[in-house]
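Trainee: The structure's right below; bear with me while I get my questions together.
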Amino acid sequence: MLNDVDKQLVYIGADHAGFSVKAELRKYLVDSGYEVTDLGCFSEDSVDYPDVAREVGEKVLETPKSLGVLLCGTGIGMSMAANKLKGIRAALCADESAAEMARRHNDANIVAIGARTTSMDLAKKILDTFLNTKFEGAQADGERHLRRVVKMNEMGGK
Ligand code: RB5
């Protein structure tokens, strides 16, 4: 079992379309040993996904080494909204391969998953892969990935 200090911090959020999937994934992550903070929503009442994406994104930005998980119907709105925050690299992942590459090459700090388009089994596999894969930018042969991520971080825009 990991010490509390060694636990990976995960912020999770969803809109109404992802509410029930979030509840199961949150439990799965806690049972797997992650330190999980649920930033809502907390019922199936309709909410606006940009509000939740902003909350999760801001927490990820202010908490070193944390990662985020966002769920909406397709994952599209959540990923679009989160990527408006400078420093957030949210990847919409529909399979494990995308989750792996999003971490290895893009240093994604948020994974977005479509709650209505992804089976629960696959969503868990995507999370496992995303949370357990390291960015290659710190490796001797990974300089190009670091350079590209730095270029992304330097981009402004709305
Ligand atoms: C809500 O109906 C739906 O539009 C939302 O969850 C999401 O899929 C948007 O990208």
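Chain identifiers are assigned as A, B, and so on, following the order in which chains appear in the structure tokens; residues are numbered from 1 within each chain, and ligands are numbered from 1 in order of appearance.
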How close does each residue of chain A get to ligand 1, giving the shortest atom pair and distance in Å to one decimal for every residue with an atom at most 6 Å away, counting only C-alpha atoms and all ligand atoms, sorted by chain and residue number, as CSV?
Mentor:
```
residue,atom,partner,partner_atom_place_in_ligand_line,distance
A:Asp15,CA,ligand 1,6 (O),6.0
A:Ala17,CA,ligand 1,6 (O),4.7
A:Cys72,CA,ligand 1,6 (O),3.9
A:Gly73,CA,ligand 1,8 (O),3.3
A:Thr74,CA,ligand 1,8 (O),4.1
A:Gly75,CA,ligand 1,10 (O),5.6
A:Ile76,CA,ligand 1,10 (O),4.5
A:Gly77,CA,ligand 1,10 (O),3.2
```
Trainee: Would you give me, as an MDAnalysis selection string, the residues in chain A that DSSP reads as alpha helix (DSSP H)?
Mentor: chainID A and resid 19:31 49:62 76:82 96:104 120:132 143:154
Trainee: Report as CSV: every residue of region 16-100 of chain A with an atom at most 6 Å from region 108-121 of chain A, its closest pair of atoms, and their distance in Å to one decimal, counting only C-alpha atoms, with rows sorted by chain and ascending residue number.
Mentor:
```
residue,atom,partner,partner_atom,distance
A:Gly18,CA,A:Ala115,CA,5.1
A:Leu67,CA,A:Asn109,CA,5.1
A:Gly68,CA,A:Ile110,CA,4.3
A:Val69,CA,A:Val111,CA,5.0
A:Leu70,CA,A:Ala112,CA,4.7
A:Leu71,CA,A:Ile113,CA,5.2
A:Cys72,CA,A:Gly114,CA,5.7
A:Gly73,CA,A:Arg116,CA,4.9
A:Thr74,CA,A:Gly114,CA,3.8
A:Gly75,CA,A:Gly114,CA,4.1
A:Ser79,CA,A:Ala112,CA,5.7
A:Arg89,CA,A:Ala108,CA,4.8
A:Ala90,CA,A:Ile110,CA,4.4
A:Ala91,CA,A:Val111,CA,5.1
A:Leu92,CA,A:Ala112,CA,4.5
A:Cys93,CA,A:Ile113,CA,5.9
```
Trainee: Just to be explicit: take each residue in the selection above, keep N, CA and C atoms, and write the result as a CSV table (one decimal), in the first residue's frame.
Mentor:
```csv
chain,number,residue,atom,x,y,z
A,18,GLY,N,-22.2,12.5,-17.3
A,18,GLY,CA,-21.1,11.7,-16.8
A,18,GLY,C,-21.2,11.4,-15.3
A,67,LEU,N,-3.2,14.9,-11.5
A,67,LEU,CA,-3.8,14.7,-12.8
A,67,LEU,C,-5.3,14.8,-12.7
A,68,GLY,N,-6.0,15.0,-13.8
A,68,GLY,CA,-7.4,15.2,-13.8
A,68,GLY,C,-8.2,14.2,-14.7
A,69,VAL,N,-9.4,14.0,-14.3
A,69,VAL,CA,-10.3,13.1,-15.1
A,69,VAL,C,-11.6,13.9,-15.3
A,70,LEU,N,-12.0,14.0,-16.6
A,70,LEU,CA,-13.3,14.7,-16.9
A,70,LEU,C,-14.2,13.8,-17.7
A,71,LEU,N,-15.4,13.8,-17.4
A,71,LEU,CA,-16.4,13.0,-18.1
A,71,LEU,C,-17.6,13.9,-18.5
A,72,CYS,N,-18.0,13.8,-19.8
A,72,CYS,CA,-19.3,14.3,-20.2
A,72,CYS,C,-19.8,13.3,-21.2
A,73,GLY,N,-20.9,13.6,-21.9
A,73,GLY,CA,-21.5,12.6,-22.8
A,73,GLY,C,-20.5,12.0,-23.8
A,74,THR,N,-19.8,12.9,-24.5
A,74,THR,CA,-18.8,12.4,-25.5
A,74,THR,C,-17.4,12.6,-25.0
A,75,GLY,N,-17.2,13.4,-24.0
A,75,GLY,CA,-15.8,13.8,-23.6
A,75,GLY,C,-15.3,15.0,-24.4
A,79,SER,N,-13.1,18.2,-22.9
A,79,SER,CA,-11.7,18.4,-23.4
A,79,SER,C,-11.5,19.8,-24.0
A,89,ARG,N,-3.3,20.3,-20.7
A,89,ARG,CA,-3.3,19.5,-21.9
A,89,ARG,C,-4.2,18.4,-21.7
A,90,ALA,N,-5.5,18.6,-22.1
A,90,ALA,CA,-6.5,17.6,-21.9
A,90,ALA,C,-6.6,16.7,-23.1
A,91,ALA,N,-6.6,15.4,-23.0
A,91,ALA,CA,-6.7,14.5,-24.1
A,91,ALA,C,-8.0,13.7,-24.0
A,92,LEU,N,-8.7,13.8,-25.1
A,92,LEU,CA,-9.9,12.9,-25.2
A,92,LEU,C,-9.5,11.6,-25.6
A,93,CYS,N,-9.7,10.6,-24.8
A,93,CYS,CA,-9.1,9.2,-25.1
A,93,CYS,C,-10.3,8.2,-25.2
```
Trainee: For Lys124 (chain A), which residue among A:Met78, A:Thr37, A:Glu96, A:Thr63 is the nearest when counting only C-alpha atoms?
Mentor: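 Closest to Lys124 (chain A) of all the choices is A:Glu96.
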Trainee: Please extract the residues of chain A with a backbone DSSP assignment of strand (DSSP E) and present them as a list in words.
Mentor: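 Reading the DSSP output for chain A, strand (DSSP E) covers Leu9, Val10, Tyr11, Ile12, Gly13, Ala14, Glu35, Val36, Thr37, Asp38, Leu67, Gly68, Val69, Leu70, Leu71, Cys72, Ala90, Ala91, Leu92, Ile110, Val111, Ala112, Ile113 and Gly114 of chain A.
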Trainee: So which residues touch region 140-143 of chain A within 12 Å, counting only C-alpha atoms, skipping near sequence neighbours fewer than 4 positions away, as a PyMOL selection string?
Mentor: chain A and resi 104-107+134-136+147-150
Trainee: One decimal, in Å: what's the spacing between CA of Met155 (chain A) and CA of Ala53 (chain A)?
Mentor: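 So the answer is 19.6 Å.
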